[in-house]
Every structure is written in structure tokens, then in C-alpha cells.
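Participant: Next up is a structure, given as C-alpha cells.
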Amino acid sequence: MCFFSFVSNSLLSIALPGGMLKDLGFAASVAGIAGGVAGIGGMILQISGGHIAQQGKLKKFLGFSTICWSVITILQGFVTNGWQLIVLRFLLGVAEGAIVPGIMTLIPYWFPEKDGERSRAIAVVFTASGIAATLTGPIGGFLIAMFNWQMMFMILGVISLIIGGIWFAIMYDRPEQARWLSKEEKEYITTTIQKEQSALMKDGGNNVSGDKLLPILGYLLRNKYSWVLSIVGFCAVFGQIGFFTWMPTAIQSVTHAGIGNVGLLSALPSIAAILGLAVWSRLTAKIKQRRLSTGIPLLLFAIALAILGLFLIVQMPLCTSF
């Protein structure tokens, strides 16, 4: 579900150079708004997704959410102007907003900490997003080359609907409800997690009671370091979204390659990111300085964006002259 959610959210980046900008004729600023407005919509249900998961009602909620964003993905293939696209992108963000926080809240009910099971489960979920970032360009480019950008949205939207059906068929809110688990497996999961929770309650240091929650939030809002970290995170995500939204368009502008090749080339940064994550995770263990291990990648990213911008400024006029 996380894989196809990420794919559906990223399809716009490959649709723009795949004919959408040319066919609909809206300005790049409108496309930029459409690319970012999904994030605004996504904030609406992020908190409620985790809350619903805790109440044991996530199966139906995320199932219907999947149906909604799948239909919205299909409808993007029928847009005729920028405002329709902006509205659909906002609704797409709303429908997808609860998925990641909901699943992250659901995982502790299914996977105990014992032997690193929970950590591996979380890693799988995040790996799905990384794989999706790598494959969205090639898959979208192939479908546009075979058909058109409208059919790309429709085909992948239909596949997402199928994923929603599979979710309803095999997913449950709690392990004890799952028909495909044996009695021994259910007992192992629930008993192990209950023991871990009891040990955590006895420790008491990692628990935040309701009467302490608001004072802690108030302290965080008054703390300057919370704001600094938020600003750093905002700028990093801002750069990443801008880069991945416009990267296929920039590749096409410089190389004049077909949309299939543009999709393949757009996968390279994601592949490099996966490799870089593996390398940097080892280096950070040796550096042992959080400021350096976070600041150096951000600095390198900023330098890379600046060089890329200068390269495009120089190359695009040359390509136009030829």
C-alpha cells in the first residue's frame, strides 16, 4: 500500500514532461502548486490516522482511503485545466495522509521488539517508499511511451484499486483477528507484546501521561531548538520535493530524450540515494557527531542543487540555439 501510495503521489513529475504541460497548456507555476498542494492535504488526516489505528479501526479507514486515492488517481487522467489538477492533487493528499502514520501506529500491535522484528518491519515499510521512488520514473515513462499520460494515471489507479481489495481481504487491525495466523502464532505475538508493554510500564521513563502531554508540547513550542530543527526539516523536504517534481522535466529539457528514457534516467538519483543511505549509515557510526552526520549531507545536497541550477542555465540556451 505504501509503495503504490508513493507512486500515485509521484506520477505528476513524469506526467508533466510526458505531455501534460503541452496538452493542457498551463504555466509551470500552476504545475508547481499542484505538486505541493498534496502535502497540504496530507496534513489533514495524519494525526487521525494514528489515532484510528490505536482504536483498532484502521482496516476499514485505510481501505476506503485507498479506494478514494485510487479513484482520484484515475480522475487525474481526465483533467482539462490546471485548477482541476490542483483540486484533485489536494484531495489525493487528504486521502493518502493517514496511510504512513496509520501503518506506523499499527506495526507495534503486530511486531514485538524481540529479536528486532519491529525494526525490520519498519525498515520494510520505508524501503517500499525508496523502491517506489526508483521505479516510478521507469514505470510511468514506459506507460506514457506505450499509451499516453492519461492512460498512465488510469492504469496505475486501477492497480491501486486492486491493492485496496487485497487490503480488505487479508488485513486485520489486530493479530488475534487474522484468519491466516495459527493459534500458536497469535499467542506468540500477543503474549510477547504484552510482556514488553508491561516491562515498559514498570520502567515508566518512556511514558507520557495525558496530564503531562500538554506541558511537554508547550515546552517544545517555546524551545528554540524545536523551531530550528523544524526549519531545517522543512528546508530539506522542500528541496527534495522540488527536485523530484521537476527532475524529469529538466532531464527532458536538456537531453531531448523520449519519455521512456527520461523515466529511466529519473531513477538514477533514487538508486544513488539508496546506495548513499547504506554507505552513510556506516559512516555516521564512525563520525558519532549528529550535527556533522546531518549537516554534511544537507550541505552536499545544497551544493548539488546549486551546481545543477547553473548547469541547466548554461545548457538550456545552448540546446535551444541548436
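Chain identifiers are assigned as A, B, and so on, following the order in which chains appear in the C-alpha cells; residues are numbered from 1 within each chain, and ligands are numbered from 1 in order of appearance.
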Residues within 7 Å of Gly97 of chain A, please, as number ranges by chain. Count only C-alpha atoms; anything in the same chain fewer than 2 positions from it doesn't count.

Facilitator: A: 42-46, 93-95, 99

Participant: Can you tell me which residues surround segment 109-113 of chain A at a distance of at most 7 Å, considering only C-alpha atoms, apart from same-chain residues fewer than 5 positions away, and format the answer as a PyMOL selection string?

Facilitator: chain A and resi 118+174-175+189+192-193

Participant: Write a file of the just-selected residues containing N, CA and C atoms, as an mmCIF file, in the first residue's frame.

Facilitator:
data_model
loop_
_atom_site.group_PDB
_atom_site.id
_atom_site.type_symbol
_atom_site.label_atom_id
_atom_site.label_comp_id
_atom_site.auth_asym_id
_atom_site.auth_seq_id
_atom_site.Cartn_x
_atom_site.Cartn_y
_atom_site.Cartn_z
ATOM 1 N N ARG A 118 10.289 -5.708 15.083
ATOM 2 C CA ARG A 118 9.598 -4.449 14.803
ATOM 3 C C ARG A 118 10.471 -3.525 13.953
ATOM 4 N N ARG A 174 -5.859 -6.295 14.349
ATOM 5 C CA ARG A 174 -5.080 -6.934 15.406
ATOM 6 C C ARG A 174 -4.750 -8.376 15.009
ATOM 7 N N PRO A 175 -3.623 -8.923 15.457
ATOM 8 C CA PRO A 175 -3.229 -10.292 15.082
ATOM 9 C C PRO A 175 -4.262 -11.346 15.479
ATOM 10 N N ILE A 189 2.600 -13.601 19.347
ATOM 11 C CA ILE A 189 2.630 -12.159 19.091
ATOM 12 C C ILE A 189 2.021 -11.395 20.251
ATOM 13 N N THR A 192 4.022 -11.859 23.685
ATOM 14 C CA THR A 192 5.324 -11.183 23.673
ATOM 15 C C THR A 192 5.162 -9.675 23.770
ATOM 16 N N ILE A 193 4.208 -9.133 23.018
ATOM 17 C CA ILE A 193 3.990 -7.686 23.044
ATOM 18 C C ILE A 193 3.461 -7.241 24.399
#

Participant: May I ask which of the residues A:Phe153, A:Thr105, A:Ile122, A:Gly137 is the closest one to Thr249 of chain A, counting only C-alpha atoms?

Facilitator: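 Using only C-alpha atoms, the shortest distance to Thr249 of chain A belongs to A:Gly137.
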
Participant: Work out how far atom CA of Val7 of chain A is from atom CA of Leu277 of chain A, in Å to one decimal.

Facilitator: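 Separating atom CA of Leu277 of chain A from atom CA of Val7 of chain A is a distance of 20.4 Å.
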
Participant: Which residue out of A:Val279, A:Ile296, A:Leu161, A:Ile86 has the minimum interatomic distance to Ser8 of chain A when only C-alpha atoms are used?

Facilitator: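 Looking only at the distances to Ser8 of chain A, the closest residue turns out to be A:Leu161.
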
Participant: Would you kindly return, as an NGL selection string, each protein, DNA or RNA residue with an atom no farther than 9 Å from any atom of Ile162 of chain A, considering only C-alpha atoms and excluding same-chain residues fewer than 5 positions away?

Facilitator: :A and (67 or 157 or 167)

Participant: Suppose we keep C-alpha atoms; can you now write the selection as a JSON list (two decimals), in the first residue's frame?

Facilitator:
[["chain", "number", "residue", "atom", "x", "y", "z"],
["A", 67, "ILE", "CA", -10.25, 3.38, -2.85],
["A", 157, "GLY", "CA", -5.14, 3.95, -10.48],
["A", 167, "TRP", "CA", -6.08, -4.95, 1.83]]

Participant: Write out as a PyMOL selection string which residues come within 12 Å of Ile241 of chain A when counting only C-alpha atoms, dropping same-chain ones fewer than 2 positions away.

Facilitator: chain A and resi 9-10+12-13+32-39+133+234-239+243-247
